[in-house]
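J.: Next up is a structure, given as structure tokens.
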Amino acid sequence: MSTDRPLLQRQAVSLRPDPARVVARAFKPATEPRQLNPIDKSRANHIVDRVLALGPAEAARRLAEVLESFADRHPHLLALIEARADTMEGAFAAHVMFTPTQRRLVGACFVLEYAFEAAALCNPSIVSHPDQTGLAQGEQRIVLSLRAIGEGHISSLTFRTGRIAGDGSVTVDPAARFASPAVLRRKAPNAARGVAEVEFAPDTELGERVIFPVTDAQAHGIEDARFVEFDDDGRRTWYATYTAYSGRSIRSELLRTDDFRSFRMTPLTGPAARNKGMALFPRRLDGAFAMIGRQDNESLYLIRSDDLHHWEEGQVILRPRFAWEIVQIGNCGSPIELDEGWLLLTHGVGPMREYAIGAVLLDKTDPARVLARSDEPLIRPERAERDGYVPNVVYTCGAMRRGERLIVPYAICDRSTTIATLDIAALLATLQG
């Protein structure tokens with residue numbers, strides 16, 4: 001196969017970490033509030049005691065200062081403070097009487113701001129936006145998901161919106177002024193099994209929504225979400241596989257949404273789910289769900305299951321072969337369906353732990369059969385862009401097809417995220433059998 005068309009065009013997009021973007025999180029002292037004897041109180045109880053010792057005028061003045069100082073950074077600040085106060089009932093237990101002002105000031109004492117993307121903004125994936133109304137002819141609205149990393153290397157999931165024009169150029173909307181964390185539904189079914197349901201207020205913009213860790217298994221991070229628009233007999237659902245990191249262990253989990261406002265997060269089970277980097281095919285194969293994953297820390301496997309949430313071990317289909325991927329390989333998002341087969345972007349790790357992006361073409365009928373693969377990377381760190389939070393790395397968690405082009409968002413050294421378009425015919429011509 002040959003083509004004279006250029007392979008790659010880099011778009012004028014550069015998304016960088018912004019420490020000014022903050023979310024309000026619960027501040028949890030070293031000991032949680034408990035109902036204790038007066039001589040045996042927790043730190044939280046002591047904070048409440050000190051708030052209640054303030055005179056009415058001083059308490060009102062301090063609360064007014066807090067609201068005035070932070071209201072322009074959080075659109076629902078008072079409701080947020082009151083909600084936090086509701087969770088502090090254990091610390092209030094010893095007190096029979098308290099005023100609304102005292103209660104709100106206590107709530108404010110147990111809230112902090114967290115710059116969720118101050119350290120890094122990376123590992124993007126891209127899918128079509130659920131709302132395609134109000135666009136010019138030939139345009140398509142998109143959703144970018146990104147891994148945001150803040151203090152303590154805690155990862156959360158954030159979003160940006162944008163458009164693909166008829167000529168294939170990509171624009172990304174400016175970052176939203178506010179950032180709003182998801183609210184955990186208190187009575188989520190199966191919560192004991194680690195299932196979590198979160199949602200955002202209807203008046204929040206998609207670009208301001210942040211999904212922060214909400215379960216113990218996610219305590220230190222929701223990492224590397226690989227989004228895919230899944231077609232289940234004509235019904236569209238957006239899924240994302242991601243890594244939940246507790247601070248001690250990892251596991252694969254699955255996120256589901258129909259509207260990018262309400263999300264359900266479910267742990268995956270089975271031997272394959274103990275590893276990172278699972279990516280779901282965009283439709284069933286012969287009636288079964290299918291994933292590409294890595295089970296031995298260096299090779300790619302095809303995994304099939306009749307149960308979307310349980311995954312046994314799969315069959316190895318790709319091992320490191322070329323110099324640019326000699327240390328290990330992994331997938332860069334869900335396979336993309338072409339007439340020629342399933343196109344899978346991969347990452348390879350080579351000498352000096354340099355990460356680069358290549359591609360593999362899998363058979364359309366039997367994706368365990370590799371038809372061709374990159375002997376050289378399609379995208380690799382350039383000399384002028386090798387420094388950052390994680391040096392010598394380019395990485396993506398998912399691309400999408402737009403006509404004859406592939407839209408590939410990718411992070412550069414976790415320092416910034418950009419977008420490139422790849423001509424599919426030219427890409428296929430680079431692959432070796």
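Following the order of the structure tokens, first chain is A, next is B, and so on, with residues numbered from 1 inside each chain and ligands from 1 in the order they appear.
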Within 9 Å of stretch 410-421 of chain A, counting only C-alpha atoms, which residues qualify if same-chain residues fewer than 5 places away don't, as a PyMOL selection string?

T.: chain A and resi 7-17+119-125+146+168-170+381+385-399+405

J.: List every residue of stretch 277-340 of chain A that DSSP, applied to the backbone of this structure, assigns to strand (DSSP E), and report them as an mmCIF file with C-alpha atoms, in the first residue's frame.

T.:
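Output below, filename selection03.cif:
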```
data_model
loop_
_atom_site.group_PDB
_atom_site.id
_atom_site.type_symbol
_atom_site.label_atom_id
_atom_site.label_comp_id
_atom_site.auth_asym_id
_atom_site.auth_seq_id
_atom_site.Cartn_x
_atom_site.Cartn_y
_atom_site.Cartn_z
ATOM 1 C CA ALA A 279 -9.328 -1.213 26.649
ATOM 2 C CA LEU A 280 -12.806 -2.231 25.496
ATOM 3 C CA PHE A 289 -17.447 -8.378 24.949
ATOM 4 C CA ALA A 290 -13.766 -8.057 24.121
ATOM 5 C CA MET A 291 -10.795 -6.185 25.552
ATOM 6 C CA ILE A 292 -7.155 -5.631 24.753
ATOM 7 C CA GLY A 293 -5.044 -5.771 27.915
ATOM 8 C CA LEU A 300 -0.724 -7.488 24.751
ATOM 9 C CA TYR A 301 -3.556 -9.981 25.107
ATOM 10 C CA LEU A 302 -6.999 -10.407 23.574
ATOM 11 C CA ILE A 303 -9.567 -11.079 26.307
ATOM 12 C CA ARG A 304 -13.189 -12.090 25.751
ATOM 13 C CA SER A 305 -16.074 -12.293 28.207
ATOM 14 C CA GLN A 315 -4.469 -15.049 24.767
ATOM 15 C CA VAL A 316 -1.253 -13.234 23.959
ATOM 16 C CA ILE A 317 -1.347 -11.598 20.519
ATOM 17 C CA LEU A 318 1.594 -9.179 20.551
ATOM 18 C CA GLN A 328 7.407 -3.432 27.002
ATOM 19 C CA ILE A 329 4.312 -2.613 24.994
ATOM 20 C CA GLY A 330 0.779 -1.599 25.907
ATOM 21 C CA ASN A 331 -2.384 -0.350 24.279
ATOM 22 C CA ILE A 336 -10.811 1.512 15.994
ATOM 23 C CA GLU A 337 -12.818 -0.264 13.316
#
```

J.: Just checking: using only C-alpha atoms, which residue out of A:Arg236, A:Leu338, A:His347, A:Phe159 ends up closest to A:Arg294?

T.: A:His347

J.: From the options A:Thr101, A:Ser42, A:Thr171, A:Thr87, which residue's atoms come nearest to A:Ala59, counting only C-alpha atoms?

T.: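 Of A:Thr101, A:Ser42, A:Thr171, A:Thr87, the one nearest A:Ala59 is A:Thr101, counting only C-alpha atoms.
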
J.: Hey, can you check how far atom CA of A:Pro213 sits from atom CA of A:Gln102?

T.: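 Answer for the atom CA of A:Pro213 to atom CA of A:Gln102 separation: 29.2 Å.
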
J.: Quick one, how far is atom CA of A:Phe212 from atom CA of A:Phe230?

T.: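 A separation of 23.8 Å between them.
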
J.: Just list the residues in stretch 264-331 of chain A DSSP gives helix (DSSP H, G or I) on the backbone, as a PyMOL selection string.

T.: chain A and resi 271-274+323-325

J.: When you draw a straight line from atom CA of A:Pro282 to atom CA of A:Trp311, how long is it in Å?

T.: 16.5 Å

J.: Just the residues within 10 Å of stretch 238-253 of chain A, please, counting only C-alpha atoms, with nothing from its chain fewer than 6 positions along; format it as an MDAnalysis selection string.

T.: chainID A and resid 125 127:130 145 154:155 157 194:195 213 215:231 259:260 263:270 272:280 282 291 309 333:334 397

J.: Residues as selected, N, CA and C atoms, written as a compact mmCIF listing (two decimals), in the first residue's frame, can you do that?

T.:
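Wrote part17.txt, looks like this:
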```txt
# COMPACT_ATOMS: atom_id res chain seq x y z
N SER A 125 -7.96 10.87 26.32
CA SER A 125 -8.68 10.09 25.32
C SER A 125 -9.77 10.98 24.74
N VAL A 127 -13.64 11.13 22.53
CA VAL A 127 -14.84 10.48 22.01
C VAL A 127 -15.79 11.56 21.50
N SER A 128 -16.79 11.12 20.78
CA SER A 128 -17.82 12.04 20.31
C SER A 128 -18.69 12.51 21.48
N HIS A 129 -19.06 13.77 21.46
CA HIS A 129 -19.92 14.36 22.50
C HIS A 129 -21.34 13.85 22.35
N PRO A 130 -22.06 13.61 23.45
CA PRO A 130 -23.46 13.16 23.33
C PRO A 130 -24.36 14.17 22.62
N SER A 145 -11.13 13.50 27.68
CA SER A 145 -10.91 13.19 29.09
C SER A 145 -9.41 13.28 29.35
N ILE A 154 -1.98 12.64 43.45
CA ILE A 154 -3.34 12.11 43.42
C ILE A 154 -3.96 12.44 42.06
N SER A 155 -4.49 11.43 41.39
CA SER A 155 -5.04 11.60 40.05
C SER A 155 -6.56 11.65 40.08
N LEU A 157 -10.12 12.62 37.27
CA LEU A 157 -10.55 12.61 35.88
C LEU A 157 -11.24 13.93 35.57
N GLY A 194 -17.69 -1.84 46.36
CA GLY A 194 -16.85 -0.84 45.73
C GLY A 194 -17.49 -0.14 44.55
N VAL A 195 -18.79 -0.38 44.32
CA VAL A 195 -19.51 0.31 43.26
C VAL A 195 -19.85 1.71 43.74
N PRO A 213 -11.33 10.78 43.35
CA PRO A 213 -11.48 9.48 44.01
C PRO A 213 -12.54 9.52 45.11
N THR A 215 -13.79 6.16 46.48
CA THR A 215 -13.78 4.90 47.22
C THR A 215 -12.37 4.65 47.76
N ASP A 216 -12.27 3.72 48.70
CA ASP A 216 -10.96 3.39 49.26
C ASP A 216 -10.01 2.86 48.19
N ALA A 217 -10.53 2.10 47.25
CA ALA A 217 -9.68 1.53 46.20
C ALA A 217 -9.13 2.60 45.28
N GLN A 218 -9.79 3.76 45.22
CA GLN A 218 -9.37 4.88 44.36
C GLN A 218 -8.64 5.97 45.14
N ALA A 219 -8.39 5.77 46.40
CA ALA A 219 -7.98 6.86 47.30
C ALA A 219 -6.84 7.71 46.76
N HIS A 220 -5.91 7.10 46.03
CA HIS A 220 -4.76 7.83 45.50
C HIS A 220 -4.83 8.02 44.00
N GLY A 221 -5.94 7.66 43.39
CA GLY A 221 -5.98 7.98 41.98
C GLY A 221 -6.99 7.23 41.14
N ILE A 222 -7.58 7.98 40.20
CA ILE A 222 -8.32 7.44 39.07
C ILE A 222 -7.43 7.72 37.87
N GLU A 223 -6.78 6.70 37.34
CA GLU A 223 -5.69 6.90 36.39
C GLU A 223 -6.02 6.38 35.00
N ASP A 224 -5.66 7.18 33.97
CA ASP A 224 -5.57 6.72 32.59
C ASP A 224 -6.88 6.13 32.07
N ALA A 225 -7.93 6.94 32.09
CA ALA A 225 -9.23 6.49 31.58
C ALA A 225 -9.19 6.36 30.06
N ARG A 226 -9.57 5.18 29.58
CA ARG A 226 -9.65 4.91 28.15
C ARG A 226 -11.12 4.88 27.76
N PHE A 227 -11.62 6.00 27.25
CA PHE A 227 -13.03 6.13 26.90
C PHE A 227 -13.30 5.51 25.54
N VAL A 228 -14.49 4.95 25.39
CA VAL A 228 -14.95 4.43 24.11
C VAL A 228 -16.46 4.62 24.02
N GLU A 229 -16.92 4.98 22.83
CA GLU A 229 -18.35 5.05 22.56
C GLU A 229 -18.79 3.67 22.10
N PHE A 230 -19.57 3.00 22.94
CA PHE A 230 -19.92 1.60 22.72
C PHE A 230 -21.28 1.49 22.05
N ASP A 231 -21.34 0.72 20.98
CA ASP A 231 -22.58 0.50 20.23
C ASP A 231 -23.12 -0.88 20.59
N ASP A 259 -24.58 10.36 29.60
CA ASP A 259 -24.74 11.80 29.38
C ASP A 259 -23.57 12.64 29.89
N PHE A 260 -22.52 12.03 30.45
CA PHE A 260 -21.38 12.73 31.05
C PHE A 260 -21.80 13.64 32.21
N PHE A 263 -22.44 9.15 36.44
CA PHE A 263 -21.45 8.12 36.16
C PHE A 263 -21.58 6.99 37.18
N ARG A 264 -21.39 5.78 36.70
CA ARG A 264 -21.36 4.61 37.58
C ARG A 264 -19.99 3.97 37.44
N MET A 265 -19.32 3.73 38.56
CA MET A 265 -17.99 3.15 38.58
C MET A 265 -18.05 1.79 39.27
N THR A 266 -17.58 0.77 38.57
CA THR A 266 -17.71 -0.60 39.04
C THR A 266 -16.36 -1.32 38.96
N PRO A 267 -15.94 -2.00 40.02
CA PRO A 267 -14.71 -2.79 39.93
C PRO A 267 -14.86 -3.92 38.94
N LEU A 268 -13.82 -4.21 38.17
CA LEU A 268 -13.78 -5.38 37.32
C LEU A 268 -13.18 -6.54 38.12
N THR A 269 -13.66 -7.74 37.85
CA THR A 269 -13.18 -8.92 38.56
C THR A 269 -12.55 -9.90 37.57
N GLY A 270 -11.85 -10.88 38.13
CA GLY A 270 -11.19 -11.88 37.31
C GLY A 270 -9.70 -11.63 37.21
N ALA A 272 -7.65 -11.07 34.76
CA ALA A 272 -7.19 -10.00 33.86
C ALA A 272 -7.33 -8.63 34.49
N ALA A 273 -8.27 -8.47 35.43
CA ALA A 273 -8.56 -7.17 36.01
C ALA A 273 -7.53 -6.74 37.04
N ARG A 274 -6.59 -7.60 37.36
CA ARG A 274 -5.56 -7.23 38.33
C ARG A 274 -4.46 -6.39 37.69
N ASN A 275 -4.55 -6.17 36.39
CA ASN A 275 -3.51 -5.45 35.66
C ASN A 275 -4.02 -4.11 35.16
N LYS A 276 -3.09 -3.29 34.66
CA LYS A 276 -3.42 -1.99 34.12
C LYS A 276 -3.73 -2.08 32.63
N GLY A 277 -4.32 -1.00 32.11
CA GLY A 277 -4.33 -0.78 30.67
C GLY A 277 -5.31 -1.60 29.87
N MET A 278 -6.46 -1.96 30.43
CA MET A 278 -7.47 -2.66 29.66
C MET A 278 -8.24 -1.67 28.78
N ALA A 279 -8.60 -2.09 27.57
CA ALA A 279 -9.33 -1.21 26.65
C ALA A 279 -10.41 -2.02 25.94
N LEU A 280 -11.63 -1.52 25.99
CA LEU A 280 -12.81 -2.23 25.50
C LEU A 280 -13.00 -2.00 23.99
N PRO A 282 -15.27 -1.38 20.72
CA PRO A 282 -16.46 -0.51 20.68
C PRO A 282 -17.77 -1.22 20.39
N MET A 291 -11.76 -7.18 25.08
CA MET A 291 -10.80 -6.19 25.55
C MET A 291 -9.42 -6.52 25.00
N HIS A 309 -18.28 -7.27 33.39
CA HIS A 309 -17.56 -6.92 34.62
C HIS A 309 -16.63 -8.02 35.12
N GLY A 333 -5.56 2.80 24.06
CA GLY A 333 -6.98 3.02 23.91
C GLY A 333 -7.67 1.91 23.15
N SER A 334 -8.97 2.07 22.96
CA SER A 334 -9.79 1.04 22.33
C SER A 334 -9.47 0.89 20.85
N CYS A 397 -4.51 7.78 25.63
CA CYS A 397 -5.41 6.75 26.13
C CYS A 397 -6.59 6.53 25.18
```

J.: Given the choices A:Val106, A:Ala425, A:Ala179, A:Ala136, which gets closest to A:Leu54 if the distance is worked out from only C-alpha atoms?

T.: A:Val106

J.: Env of A:Arg62: 9 Å cut, atoms = only C-alpha atoms, seq-sep filter 5 positions within chain, self excluded. Answer as an mmCIF file with C-alpha atoms, in the first residue's frame.

T.:
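Once everything was written out, this is out-v1.cif:
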```
data_model
loop_
_atom_site.group_PDB
_atom_site.id
_atom_site.type_symbol
_atom_site.label_atom_id
_atom_site.label_comp_id
_atom_site.auth_asym_id
_atom_site.auth_seq_id
_atom_site.Cartn_x
_atom_site.Cartn_y
_atom_site.Cartn_z
ATOM 1 C CA ALA A 57 -20.479 38.576 66.278
ATOM 2 C CA LEU A 67 -17.911 33.470 51.871
ATOM 3 C CA LEU A 105 -18.349 27.920 60.148
#
```

J.: Excluding A:Cys109 and its own-chain neighbours fewer than 5 positions away, which residues fall within 9 Å of it when counting only C-alpha atoms? Please give them as a VMD selection string.

T.: chain A and resid 27 47 to 48 51 81 104
